[in-house]
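S.K.: One file: start-v9.pdb (PDB, N, CA and C atoms).
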ATOM      1  N   ARG A   1      62.124  76.659 -23.928
ATOM      2  CA  ARG A   1      61.732  75.930 -25.120
ATOM      3  C   ARG A   1      62.118  74.459 -25.011
ATOM      4  N   LEU A   2      63.268  74.194 -24.447
ATOM      5  CA  LEU A   2      63.692  72.806 -24.298
ATOM      6  C   LEU A   2      62.721  72.038 -23.412
ATOM      7  N   LEU A   3      62.312  72.655 -22.340
ATOM      8  CA  LEU A   3      61.351  72.015 -21.438
ATOM      9  C   LEU A   3      60.032  71.747 -22.155
ATOM     10  N   GLN A   4      59.595  72.672 -22.976
ATOM     11  CA  GLN A   4      58.350  72.476 -23.707
ATOM     12  C   GLN A   4      58.461  71.328 -24.709
ATOM     13  N   LEU A   5      59.658  71.063 -25.210
ATOM     14  CA  LEU A   5      59.862  69.910 -26.090
ATOM     15  C   LEU A   5      59.849  68.595 -25.311
ATOM     16  N   LEU A   6      60.448  68.616 -24.126
ATOM     17  CA  LEU A   6      60.545  67.405 -23.329
ATOM     18  C   LEU A   6      59.257  67.089 -22.569
ATOM     19  N   ALA A   7      58.550  68.114 -22.138
ATOM     20  CA  ALA A   7      57.322  67.934 -21.355
ATOM     21  C   ALA A   7      56.244  68.877 -21.878
ATOM     22  N   PRO A   8      55.731  68.599 -23.081
ATOM     23  CA  PRO A   8      54.745  69.500 -23.691
ATOM     24  C   PRO A   8      53.506  69.695 -22.816
ATOM     25  N   VAL A   9      52.955  70.882 -22.889
ATOM     26  CA  VAL A   9      51.739  71.216 -22.157
ATOM     27  C   VAL A   9      50.623  70.281 -22.623
ATOM     28  N   GLY A  10      49.863  69.762 -21.661
ATOM     29  CA  GLY A  10      48.732  68.903 -21.987
ATOM     30  C   GLY A  10      49.085  67.439 -22.153
ATOM     31  N   THR A  11      50.363  67.101 -22.058
ATOM     32  CA  THR A  11      50.789  65.712 -22.188
ATOM     33  C   THR A  11      51.011  65.140 -20.792
ATOM     34  N   VAL A  12      50.353  64.042 -20.501
ATOM     35  CA  VAL A  12      50.517  63.394 -19.204
ATOM     36  C   VAL A  12      51.754  62.502 -19.264
ATOM     37  N   ARG A  13      52.630  62.670 -18.297
ATOM     38  CA  ARG A  13      53.870  61.895 -18.236
ATOM     39  C   ARG A  13      53.845  61.014 -16.993
ATOM     40  N   ASN A  14      54.430  59.833 -17.087
ATOM     41  CA  ASN A  14      54.534  59.001 -15.895
ATOM     42  C   ASN A  14      55.741  59.449 -15.072
ATOM     43  N   SER A  15      55.815  58.961 -13.849
ATOM     44  CA  SER A  15      56.877  59.394 -12.931
ATOM     45  C   SER A  15      58.264  59.086 -13.466
ATOM     46  N   GLN A  16      58.416  57.945 -14.134
ATOM     47  CA  GLN A  16      59.726  57.579 -14.668
ATOM     48  C   GLN A  16      60.178  58.575 -15.736
ATOM     49  N   THR A  17      59.272  58.985 -16.600
ATOM     50  CA  THR A  17      59.610  59.950 -17.647
ATOM     51  C   THR A  17      59.949  61.305 -17.032
ATOM     52  N   LEU A  18      59.159  61.724 -16.048
ATOM     53  CA  LEU A  18      59.440  63.000 -15.387
ATOM     54  C   LEU A  18      60.794  62.962 -14.676
ATOM     55  N   LEU A  19      61.115  61.823 -14.084
ATOM     56  CA  LEU A  19      62.415  61.677 -13.429
ATOM     57  C   LEU A  19      63.554  61.741 -14.446
ATOM     58  N   GLN A  20      63.356  61.162 -15.606
ATOM     59  CA  GLN A  20      64.382  61.225 -16.655
ATOM     60  C   GLN A  20      64.588  62.665 -17.124
ATOM     61  N   ILE A  21      63.513  63.424 -17.237
ATOM     62  CA  ILE A  21      63.628  64.836 -17.616
ATOM     63  C   ILE A  21      64.380  65.604 -16.535
ATOM     64  N   LEU A  22      64.043  65.336 -15.283
ATOM     65  CA  LEU A  22      64.718  65.996 -14.163
ATOM     66  C   LEU A  22      66.199  65.644 -14.155
ATOM     67  N   GLU A  23      66.532  64.392 -14.425
ATOM     68  CA  GLU A  23      67.932  63.971 -14.484
ATOM     69  C   GLU A  23      68.660  64.644 -15.657
ATOM     70  N   PHE A  24      67.972  64.807 -16.769
ATOM     71  CA  PHE A  24      68.568  65.504 -17.907
ATOM     72  C   PHE A  24      68.950  66.929 -17.512
ATOM     73  N   PHE A  25      68.039  67.625 -16.847
ATOM     74  CA  PHE A  25      68.320  69.008 -16.457
ATOM     75  C   PHE A  25      69.405  69.097 -15.381
ATOM     76  N   SER A  26      69.673  67.998 -14.672
ATOM     77  CA  SER A  26      70.752  68.026 -13.669
ATOM     78  C   SER A  26      72.113  68.180 -14.331
ATOM     79  N   ARG A  27      72.183  67.918 -15.632
ATOM     80  CA  ARG A  27      73.430  68.119 -16.370
ATOM     81  C   ARG A  27      73.633  69.585 -16.733
ATOM     82  N   ILE A  28      72.553  70.334 -16.678
ATOM     83  CA  ILE A  28      72.595  71.749 -17.040
ATOM     84  C   ILE A  28      72.600  72.640 -15.798
ATOM     85  N   TYR A  29      71.805  72.256 -14.813
ATOM     86  CA  TYR A  29      71.636  73.061 -13.603
ATOM     87  C   TYR A  29      72.271  72.362 -12.403
ATOM     88  N   ASP A  30      72.731  73.178 -11.475
ATOM     89  CA  ASP A  30      73.335  72.680 -10.241
ATOM     90  C   ASP A  30      72.248  72.600  -9.183
ATOM     91  N   TYR A  31      71.793  71.398  -8.891
ATOM     92  CA  TYR A  31      70.693  71.234  -7.942
ATOM     93  C   TYR A  31      71.086  71.538  -6.504
ATOM     94  N   SER A  32      72.368  71.727  -6.231
ATOM     95  CA  SER A  32      72.764  72.162  -4.890
ATOM     96  C   SER A  32      72.557  73.668  -4.733
ATOM     97  N   SER A  33      72.307  74.338  -5.846
ATOM     98  CA  SER A  33      72.079  75.778  -5.837
ATOM     99  C   SER A  33      70.578  76.079  -5.767
ATOM    100  N   LEU A  34      70.173  76.794  -4.729
ATOM    101  CA  LEU A  34      68.771  77.184  -4.588
ATOM    102  C   LEU A  34      68.315  77.976  -5.810
ATOM    103  N   LYS A  35      69.174  78.842  -6.286
ATOM    104  CA  LYS A  35      68.857  79.675  -7.451
ATOM    105  C   LYS A  35      68.531  78.816  -8.675
ATOM    106  N   ASP A  36      69.346  77.811  -8.951
ATOM    107  CA  ASP A  36      69.112  76.947 -10.111
ATOM    108  C   ASP A  36      67.841  76.118  -9.953
ATOM    109  N   ARG A  37      67.624  75.565  -8.762
ATOM    110  CA  ARG A  37      66.413  74.757  -8.531
ATOM    111  C   ARG A  37      65.158  75.608  -8.690
ATOM    112  N   LEU A  38      65.195  76.790  -8.106
ATOM    113  CA  LEU A  38      64.045  77.681  -8.189
ATOM    114  C   LEU A  38      63.814  78.142  -9.626
ATOM    115  N   PHE A  39      64.885  78.427 -10.342
ATOM    116  CA  PHE A  39      64.764  78.830 -11.744
ATOM    117  C   PHE A  39      64.074  77.743 -12.561
ATOM    118  N   LEU A  40      64.474  76.499 -12.381
ATOM    119  CA  LEU A  40      63.889  75.398 -13.144
ATOM    120  C   LEU A  40      62.396  75.252 -12.850
ATOM    121  N   VAL A  41      62.026  75.290 -11.591
ATOM    122  CA  VAL A  41      60.615  75.123 -11.223
ATOM    123  C   VAL A  41      59.790  76.313 -11.694
ATOM    124  N   ARG A  42      60.258  77.512 -11.469
ATOM    125  CA  ARG A  42      59.508  78.710 -11.889
ATOM    126  C   ARG A  42      59.373  78.784 -13.413
ATOM    127  N   THR A  43      60.431  78.424 -14.126
ATOM    128  CA  THR A  43      60.381  78.424 -15.585
ATOM    129  C   THR A  43      59.366  77.404 -16.079
ATOM    130  N   ALA A  44      59.344  76.239 -15.466
ATOM    131  CA  ALA A  44      58.365  75.213 -15.843
ATOM    132  C   ALA A  44      56.949  75.715 -15.590
ATOM    133  N   GLN A  45      56.730  76.393 -14.473
ATOM    134  CA  GLN A  45      55.407  76.952 -14.180
ATOM    135  C   GLN A  45      55.007  77.981 -15.231
ATOM    136  N   MET A  46      55.912  78.889 -15.557
ATOM    137  CA  MET A  46      55.611  79.938 -16.535
ATOM    138  C   MET A  46      55.382  79.367 -17.928
ATOM    139  N   ALA A  47      56.045  78.244 -18.236
ATOM    140  CA  ALA A  47      55.892  77.615 -19.551
ATOM    141  C   ALA A  47      54.613  76.783 -19.637
ATOM    142  N   GLY A  48      53.914  76.662 -18.511
ATOM    143  CA  GLY A  48      52.681  75.885 -18.501
ATOM    144  C   GLY A  48      52.903  74.403 -18.287
ATOM    145  N   CYS A  49      54.121  74.017 -17.967
ATOM    146  CA  CYS A  49      54.454  72.604 -17.721
ATOM    147  C   CYS A  49      54.242  72.301 -16.238
ATOM    148  N   THR A  50      52.998  72.439 -15.802
ATOM    149  CA  THR A  50      52.686  72.333 -14.378
ATOM    150  C   THR A  50      52.969  70.955 -13.798
ATOM    151  N   GLU A  51      52.719  69.915 -14.581
ATOM    152  CA  GLU A  51      52.976  68.562 -14.080
ATOM    153  C   GLU A  51      54.466  68.392 -13.760
ATOM    154  N   PHE A  52      55.321  68.840 -14.660
ATOM    155  CA  PHE A  52      56.752  68.750 -14.413
ATOM    156  C   PHE A  52      57.164  69.681 -13.277
ATOM    157  N   ALA A  53      56.608  70.876 -13.235
ATOM    158  CA  ALA A  53      56.946  71.836 -12.175
ATOM    159  C   ALA A  53      56.642  71.253 -10.800
ATOM    160  N   GLU A  54      55.486  70.625 -10.651
ATOM    161  CA  GLU A  54      55.112  70.024  -9.368
ATOM    162  C   GLU A  54      56.026  68.851  -9.028
ATOM    163  N   PHE A  55      56.321  68.030 -10.016
ATOM    164  CA  PHE A  55      57.212  66.898  -9.807
ATOM    165  C   PHE A  55      58.599  67.382  -9.383
ATOM    166  N   ALA A  56      59.136  68.344 -10.111
ATOM    167  CA  ALA A  56      60.462  68.876  -9.802
ATOM    168  C   ALA A  56      60.489  69.522  -8.422
ATOM    169  N   ALA A  57      59.466  70.295  -8.098
ATOM    170  CA  ALA A  57      59.413  70.950  -6.784
ATOM    171  C   ALA A  57      59.420  69.912  -5.672
ATOM    172  N   HIS A  58      58.677  68.839  -5.863
ATOM    173  CA  HIS A  58      58.612  67.778  -4.855
ATOM    174  C   HIS A  58      59.970  67.096  -4.675
ATOM    175  N   HIS A  59      60.708  66.916  -5.762
ATOM    176  CA  HIS A  59      61.987  66.223  -5.696
ATOM    177  C   HIS A  59      63.167  67.127  -5.352
ATOM    178  N   LEU A  60      63.056  68.407  -5.647
ATOM    179  CA  LEU A  60      64.200  69.311  -5.448
ATOM    180  C   LEU A  60      64.136  70.133  -4.167
ATOM    181  N   PHE A  61      62.953  70.213  -3.553
ATOM    182  CA  PHE A  61      62.774  71.045  -2.362
ATOM    183  C   PHE A  61      62.142  70.240  -1.233
ATOM    184  N   SER A  62      62.516  70.565  -0.025
ATOM    185  CA  SER A  62      61.846  69.964   1.134
ATOM    186  C   SER A  62      60.459  70.595   1.257
ATOM    187  N   SER A  63      59.590  69.982   2.025
ATOM    188  CA  SER A  63      58.245  70.544   2.193
ATOM    189  C   SER A  63      58.313  71.928   2.839
ATOM    190  N   GLU A  64      59.255  72.129   3.755
ATOM    191  CA  GLU A  64      59.425  73.442   4.377
ATOM    192  C   GLU A  64      59.850  74.481   3.338
ATOM    193  N   GLU A  65      60.794  74.126   2.469
ATOM    194  CA  GLU A  65      61.227  75.043   1.419
ATOM    195  C   GLU A  65      60.068  75.373   0.463
ATOM    196  N   ARG A  66      59.287  74.356   0.096
ATOM    197  CA  ARG A  66      58.143  74.594  -0.810
ATOM    198  C   ARG A  66      57.155  75.560  -0.181
ATOM    199  N   ASN A  67      56.905  75.408   1.119
ATOM    200  CA  ASN A  67      55.982  76.313   1.807
ATOM    201  C   ASN A  67      56.545  77.731   1.877
ATOM    202  N   ARG A  68      57.798  77.860   2.212
ATOM    203  CA  ARG A  68      58.420  79.183   2.341
ATOM    204  C   ARG A  68      58.529  79.896   1.002
ATOM    205  N   LEU A  69      58.780  79.121  -0.074
ATOM    206  CA  LEU A  69      58.949  79.711  -1.406
ATOM    207  C   LEU A  69      57.643  79.777  -2.177
ATOM    208  N   ASN A  70      56.600  79.212  -1.600
ATOM    209  CA  ASN A  70      55.274  79.206  -2.219
ATOM    210  C   ASN A  70      55.294  78.532  -3.605
ATOM    211  N   ILE A  71      55.871  77.344  -3.624
ATOM    212  CA  ILE A  71      55.901  76.565  -4.867
ATOM    213  C   ILE A  71      55.233  75.225  -4.669
TER     214      ILE A  71
END
In structure tokens, what does this structure look like?
M.R.:
Amino acid sequence: RLLQLLAPVGTVRNSQTLLQILEFFSRIYDYSSLKDRLFLVRTAQMAGCTEFAEFAAHHLFSSEERNRLNI
């Protein structure tokens, strides 16, 4: 629900805003943890926040990790 408030479905966000949202979630989630990073991206996908999910996946995972995890 918090993600849907910060990055509502259908709202186009610029990179700076998406980065601020990602930085906000870094206070809640441990980005050194694969589990936390994957949870954030998968939750964003399920919530329909695809723009944020793609942005977060690009910033939190290497291209090899994205391919292996299919994100």
S.K.: Quick one: 8 Å padding each side, axis-aligned, all listed atoms of segment 60-70 of chain A - centre and edge lengths in Å to one decimal, as lines of an AutoDock Vina configuration file?
M.R.:
center_x = 59.7
center_y = 74.2
center_z = -0.6
size_x = 24.9
size_y = 27.5
size_z = 26.0
S.K.: Give me the residues near Ile71 of chain A as a list in words, where near means some atom within 10 Å (using only C-alpha atoms) and where sequence neighbours in that chain fewer than 5 positions away do not count.
M.R.: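 Counting only the stated atoms, we get Leu38, Val41, Arg42, Gln45, Ala53, Glu54, Ala57, His58, Phe61, Ser63, Glu65 and Arg66 of chain A.
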S.K.: Write out as JSON, numbers by chain which residues come within 8 Å of Leu60 of chain A when counting only C-alpha atoms, dropping same-chain ones fewer than 3 positions away.
M.R.: {"A": [31, 37, 56, 57]}
S.K.: Write the residues you've just listed into a file as a short mmCIF file (atom, residue, chain, number, x, y, z; two decimals), in the frame of the given file, and include N, CA and C atoms for each of them.
M.R.:
data_model
loop_
_atom_site.label_atom_id
_atom_site.label_comp_id
_atom_site.auth_asym_id
_atom_site.auth_seq_id
_atom_site.Cartn_x
_atom_site.Cartn_y
_atom_site.Cartn_z
N TYR A 31 71.79 71.40 -8.89
CA TYR A 31 70.69 71.23 -7.94
C TYR A 31 71.09 71.54 -6.50
N ARG A 37 67.62 75.56 -8.76
CA ARG A 37 66.41 74.76 -8.53
C ARG A 37 65.16 75.61 -8.69
N ALA A 56 59.14 68.34 -10.11
CA ALA A 56 60.46 68.88 -9.80
C ALA A 56 60.49 69.52 -8.42
N ALA A 57 59.47 70.30 -8.10
CA ALA A 57 59.41 70.95 -6.78
C ALA A 57 59.42 69.91 -5.67
#
S.K.: Going by DSSP on the backbone, which residues of chain A come out as helix (DSSP H, G or I)? List them as a PDB file with N, CA and C atoms, keeping the file's coordinate frame.
M.R.:
ATOM      1  N   LEU A   2      63.268  74.194 -24.447  1.00  0.00           N
ATOM      2  CA  LEU A   2      63.692  72.806 -24.298  1.00  0.00           C
ATOM      3  C   LEU A   2      62.721  72.038 -23.412  1.00  0.00           C
ATOM      4  N   LEU A   3      62.312  72.655 -22.340  1.00  0.00           N
ATOM      5  CA  LEU A   3      61.351  72.015 -21.438  1.00  0.00           C
ATOM      6  C   LEU A   3      60.032  71.747 -22.155  1.00  0.00           C
ATOM      7  N   GLN A   4      59.595  72.672 -22.976  1.00  0.00           N
ATOM      8  CA  GLN A   4      58.350  72.476 -23.707  1.00  0.00           C
ATOM      9  C   GLN A   4      58.461  71.328 -24.709  1.00  0.00           C
ATOM     10  N   LEU A   5      59.658  71.063 -25.210  1.00  0.00           N
ATOM     11  CA  LEU A   5      59.862  69.910 -26.090  1.00  0.00           C
ATOM     12  C   LEU A   5      59.849  68.595 -25.311  1.00  0.00           C
ATOM     13  N   LEU A   6      60.448  68.616 -24.126  1.00  0.00           N
ATOM     14  CA  LEU A   6      60.545  67.405 -23.329  1.00  0.00           C
ATOM     15  C   LEU A   6      59.257  67.089 -22.569  1.00  0.00           C
ATOM     16  N   SER A  15      55.815  58.961 -13.849  1.00  0.00           N
ATOM     17  CA  SER A  15      56.877  59.394 -12.931  1.00  0.00           C
ATOM     18  C   SER A  15      58.264  59.086 -13.466  1.00  0.00           C
ATOM     19  N   GLN A  16      58.416  57.945 -14.134  1.00  0.00           N
ATOM     20  CA  GLN A  16      59.726  57.579 -14.668  1.00  0.00           C
ATOM     21  C   GLN A  16      60.178  58.575 -15.736  1.00  0.00           C
ATOM     22  N   THR A  17      59.272  58.985 -16.600  1.00  0.00           N
ATOM     23  CA  THR A  17      59.610  59.950 -17.647  1.00  0.00           C
ATOM     24  C   THR A  17      59.949  61.305 -17.032  1.00  0.00           C
ATOM     25  N   LEU A  18      59.159  61.724 -16.048  1.00  0.00           N
ATOM     26  CA  LEU A  18      59.440  63.000 -15.387  1.00  0.00           C
ATOM     27  C   LEU A  18      60.794  62.962 -14.676  1.00  0.00           C
ATOM     28  N   LEU A  19      61.115  61.823 -14.084  1.00  0.00           N
ATOM     29  CA  LEU A  19      62.415  61.677 -13.429  1.00  0.00           C
ATOM     30  C   LEU A  19      63.554  61.741 -14.446  1.00  0.00           C
ATOM     31  N   GLN A  20      63.356  61.162 -15.606  1.00  0.00           N
ATOM     32  CA  GLN A  20      64.382  61.225 -16.655  1.00  0.00           C
ATOM     33  C   GLN A  20      64.588  62.665 -17.124  1.00  0.00           C
ATOM     34  N   ILE A  21      63.513  63.424 -17.237  1.00  0.00           N
ATOM     35  CA  ILE A  21      63.628  64.836 -17.616  1.00  0.00           C
ATOM     36  C   ILE A  21      64.380  65.604 -16.535  1.00  0.00           C
ATOM     37  N   LEU A  22      64.043  65.336 -15.283  1.00  0.00           N
ATOM     38  CA  LEU A  22      64.718  65.996 -14.163  1.00  0.00           C
ATOM     39  C   LEU A  22      66.199  65.644 -14.155  1.00  0.00           C
ATOM     40  N   GLU A  23      66.532  64.392 -14.425  1.00  0.00           N
ATOM     41  CA  GLU A  23      67.932  63.971 -14.484  1.00  0.00           C
ATOM     42  C   GLU A  23      68.660  64.644 -15.657  1.00  0.00           C
ATOM     43  N   PHE A  24      67.972  64.807 -16.769  1.00  0.00           N
ATOM     44  CA  PHE A  24      68.568  65.504 -17.907  1.00  0.00           C
ATOM     45  C   PHE A  24      68.950  66.929 -17.512  1.00  0.00           C
ATOM     46  N   PHE A  25      68.039  67.625 -16.847  1.00  0.00           N
ATOM     47  CA  PHE A  25      68.320  69.008 -16.457  1.00  0.00           C
ATOM     48  C   PHE A  25      69.405  69.097 -15.381  1.00  0.00           C
ATOM     49  N   LEU A  34      70.173  76.794  -4.729  1.00  0.00           N
ATOM     50  CA  LEU A  34      68.771  77.184  -4.588  1.00  0.00           C
ATOM     51  C   LEU A  34      68.315  77.976  -5.810  1.00  0.00           C
ATOM     52  N   LYS A  35      69.174  78.842  -6.286  1.00  0.00           N
ATOM     53  CA  LYS A  35      68.857  79.675  -7.451  1.00  0.00           C
ATOM     54  C   LYS A  35      68.531  78.816  -8.675  1.00  0.00           C
ATOM     55  N   ASP A  36      69.346  77.811  -8.951  1.00  0.00           N
ATOM     56  CA  ASP A  36      69.112  76.947 -10.111  1.00  0.00           C
ATOM     57  C   ASP A  36      67.841  76.118  -9.953  1.00  0.00           C
ATOM     58  N   ARG A  37      67.624  75.565  -8.762  1.00  0.00           N
ATOM     59  CA  ARG A  37      66.413  74.757  -8.531  1.00  0.00           C
ATOM     60  C   ARG A  37      65.158  75.608  -8.690  1.00  0.00           C
ATOM     61  N   LEU A  38      65.195  76.790  -8.106  1.00  0.00           N
ATOM     62  CA  LEU A  38      64.045  77.681  -8.189  1.00  0.00           C
ATOM     63  C   LEU A  38      63.814  78.142  -9.626  1.00  0.00           C
ATOM     64  N   PHE A  39      64.885  78.427 -10.342  1.00  0.00           N
ATOM     65  CA  PHE A  39      64.764  78.830 -11.744  1.00  0.00           C
ATOM     66  C   PHE A  39      64.074  77.743 -12.561  1.00  0.00           C
ATOM     67  N   LEU A  40      64.474  76.499 -12.381  1.00  0.00           N
ATOM     68  CA  LEU A  40      63.889  75.398 -13.144  1.00  0.00           C
ATOM     69  C   LEU A  40      62.396  75.252 -12.850  1.00  0.00           C
ATOM     70  N   VAL A  41      62.026  75.290 -11.591  1.00  0.00           N
ATOM     71  CA  VAL A  41      60.615  75.123 -11.223  1.00  0.00           C
ATOM     72  C   VAL A  41      59.790  76.313 -11.694  1.00  0.00           C
ATOM     73  N   ARG A  42      60.258  77.512 -11.469  1.00  0.00           N
ATOM     74  CA  ARG A  42      59.508  78.710 -11.889  1.00  0.00           C
ATOM     75  C   ARG A  42      59.373  78.784 -13.413  1.00  0.00           C
ATOM     76  N   THR A  43      60.431  78.424 -14.126  1.00  0.00           N
ATOM     77  CA  THR A  43      60.381  78.424 -15.585  1.00  0.00           C
ATOM     78  C   THR A  43      59.366  77.404 -16.079  1.00  0.00           C
ATOM     79  N   ALA A  44      59.344  76.239 -15.466  1.00  0.00           N
ATOM     80  CA  ALA A  44      58.365  75.213 -15.843  1.00  0.00           C
ATOM     81  C   ALA A  44      56.949  75.715 -15.590  1.00  0.00           C
ATOM     82  N   GLN A  45      56.730  76.393 -14.473  1.00  0.00           N
ATOM     83  CA  GLN A  45      55.407  76.952 -14.180  1.00  0.00           C
ATOM     84  C   GLN A  45      55.007  77.981 -15.231  1.00  0.00           C
ATOM     85  N   MET A  46      55.912  78.889 -15.557  1.00  0.00           N
ATOM     86  CA  MET A  46      55.611  79.938 -16.535  1.00  0.00           C
ATOM     87  C   MET A  46      55.382  79.367 -17.928  1.00  0.00           C
ATOM     88  N   THR A  50      52.998  72.439 -15.802  1.00  0.00           N
ATOM     89  CA  THR A  50      52.686  72.333 -14.378  1.00  0.00           C
ATOM     90  C   THR A  50      52.969  70.955 -13.798  1.00  0.00           C
ATOM     91  N   GLU A  51      52.719  69.915 -14.581  1.00  0.00           N
ATOM     92  CA  GLU A  51      52.976  68.562 -14.080  1.00  0.00           C
ATOM     93  C   GLU A  51      54.466  68.392 -13.760  1.00  0.00           C
ATOM     94  N   PHE A  52      55.321  68.840 -14.660  1.00  0.00           N
ATOM     95  CA  PHE A  52      56.752  68.750 -14.413  1.00  0.00           C
ATOM     96  C   PHE A  52      57.164  69.681 -13.277  1.00  0.00           C
ATOM     97  N   ALA A  53      56.608  70.876 -13.235  1.00  0.00           N
ATOM     98  CA  ALA A  53      56.946  71.836 -12.175  1.00  0.00           C
ATOM     99  C   ALA A  53      56.642  71.253 -10.800  1.00  0.00           C
ATOM    100  N   GLU A  54      55.486  70.625 -10.651  1.00  0.00           N
ATOM    101  CA  GLU A  54      55.112  70.024  -9.368  1.00  0.00           C
ATOM    102  C   GLU A  54      56.026  68.851  -9.028  1.00  0.00           C
ATOM    103  N   PHE A  55      56.321  68.030 -10.016  1.00  0.00           N
ATOM    104  CA  PHE A  55      57.212  66.898  -9.807  1.00  0.00           C
ATOM    105  C   PHE A  55      58.599  67.382  -9.383  1.00  0.00           C
ATOM    106  N   ALA A  56      59.136  68.344 -10.111  1.00  0.00           N
ATOM    107  CA  ALA A  56      60.462  68.876  -9.802  1.00  0.00           C
ATOM    108  C   ALA A  56      60.489  69.522  -8.422  1.00  0.00           C
ATOM    109  N   ALA A  57      59.466  70.295  -8.098  1.00  0.00           N
ATOM    110  CA  ALA A  57      59.413  70.950  -6.784  1.00  0.00           C
ATOM    111  C   ALA A  57      59.420  69.912  -5.672  1.00  0.00           C
ATOM    112  N   HIS A  58      58.677  68.839  -5.863  1.00  0.00           N
ATOM    113  CA  HIS A  58      58.612  67.778  -4.855  1.00  0.00           C
ATOM    114  C   HIS A  58      59.970  67.096  -4.675  1.00  0.00           C
ATOM    115  N   HIS A  59      60.708  66.916  -5.762  1.00  0.00           N
ATOM    116  CA  HIS A  59      61.987  66.223  -5.696  1.00  0.00           C
ATOM    117  C   HIS A  59      63.167  67.127  -5.352  1.00  0.00           C
ATOM    118  N   LEU A  60      63.056  68.407  -5.647  1.00  0.00           N
ATOM    119  CA  LEU A  60      64.200  69.311  -5.448  1.00  0.00           C
ATOM    120  C   LEU A  60      64.136  70.133  -4.167  1.00  0.00           C
ATOM    121  N   SER A  63      59.590  69.982   2.025  1.00  0.00           N
ATOM    122  CA  SER A  63      58.245  70.544   2.193  1.00  0.00           C
ATOM    123  C   SER A  63      58.313  71.928   2.839  1.00  0.00           C
ATOM    124  N   GLU A  64      59.255  72.129   3.755  1.00  0.00           N
ATOM    125  CA  GLU A  64      59.425  73.442   4.377  1.00  0.00           C
ATOM    126  C   GLU A  64      59.850  74.481   3.338  1.00  0.00           C
ATOM    127  N   GLU A  65      60.794  74.126   2.469  1.00  0.00           N
ATOM    128  CA  GLU A  65      61.227  75.043   1.419  1.00  0.00           C
ATOM    129  C   GLU A  65      60.068  75.373   0.463  1.00  0.00           C
ATOM    130  N   ARG A  66      59.287  74.356   0.096  1.00  0.00           N
ATOM    131  CA  ARG A  66      58.143  74.594  -0.810  1.00  0.00           C
ATOM    132  C   ARG A  66      57.155  75.560  -0.181  1.00  0.00           C
ATOM    133  N   ASN A  67      56.905  75.408   1.119  1.00  0.00           N
ATOM    134  CA  ASN A  67      55.982  76.313   1.807  1.00  0.00           C
ATOM    135  C   ASN A  67      56.545  77.731   1.877  1.00  0.00           C
ATOM    136  N   ARG A  68      57.798  77.860   2.212  1.00  0.00           N
ATOM    137  CA  ARG A  68      58.420  79.183   2.341  1.00  0.00           C
ATOM    138  C   ARG A  68      58.529  79.896   1.002  1.00  0.00           C
ATOM    139  N   LEU A  69      58.780  79.121  -0.074  1.00  0.00           N
ATOM    140  CA  LEU A  69      58.949  79.711  -1.406  1.00  0.00           C
ATOM    141  C   LEU A  69      57.643  79.777  -2.177  1.00  0.00           C
TER     142      LEU A  69
END
S.K.: Rounded to one decimal place, report the atom CA of Asp36 of chain A-atom CA of Leu22 of chain A distance in Å.
M.R.: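 It comes out at 12.5 Å.
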S.K.: Take atom N of Asp30 of chain A and atom C of Asn14 of chain A and report the distance between them in Å, one decimal.
M.R.: 22.1 Å
S.K.: Skip segment 16-21 of chain A itself and residues of its chain fewer than 2 positions away, then list as a ChimeraX atom specification all residues within 8 Å of it, counting all atoms listed in the file.
M.R.: /A:6-7,13-14,23-26,51-52,55-56
S.K.: Compile the contact shell of Pro8 of chain A as a VMD selection string: residues with an atom at most 8 Å away, counting all atoms listed in the file, same-chain residues fewer than 3 positions apart removed.
M.R.: chain A and resid 2 to 5 11 to 12 47 to 50
S.K.: Hey, can you spit out that residue selection with N, CA and C atoms as a compact mmCIF listing (two decimals), in the frame of the given file?
M.R.:
# COMPACT_ATOMS: atom_id res chain seq x y z
N LEU A 2 63.27 74.19 -24.45
CA LEU A 2 63.69 72.81 -24.30
C LEU A 2 62.72 72.04 -23.41
N LEU A 3 62.31 72.66 -22.34
CA LEU A 3 61.35 72.02 -21.44
C LEU A 3 60.03 71.75 -22.16
N GLN A 4 59.60 72.67 -22.98
CA GLN A 4 58.35 72.48 -23.71
C GLN A 4 58.46 71.33 -24.71
N LEU A 5 59.66 71.06 -25.21
CA LEU A 5 59.86 69.91 -26.09
C LEU A 5 59.85 68.60 -25.31
N THR A 11 50.36 67.10 -22.06
CA THR A 11 50.79 65.71 -22.19
C THR A 11 51.01 65.14 -20.79
N VAL A 12 50.35 64.04 -20.50
CA VAL A 12 50.52 63.39 -19.20
C VAL A 12 51.75 62.50 -19.26
N ALA A 47 56.04 78.24 -18.24
CA ALA A 47 55.89 77.61 -19.55
C ALA A 47 54.61 76.78 -19.64
N GLY A 48 53.91 76.66 -18.51
CA GLY A 48 52.68 75.89 -18.50
C GLY A 48 52.90 74.40 -18.29
N CYS A 49 54.12 74.02 -17.97
CA CYS A 49 54.45 72.60 -17.72
C CYS A 49 54.24 72.30 -16.24
N THR A 50 53.00 72.44 -15.80
CA THR A 50 52.69 72.33 -14.38
C THR A 50 52.97 70.96 -13.80
S.K.: Between atom CA of Val9 of chain A and atom CA of Ser33 of chain A, what distance in Å does the model show, to one decimal?
M.R.: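 Computing the Euclidean distance for atom CA of Val9 of chain A and atom CA of Ser33 of chain A yields 26.5 Å.
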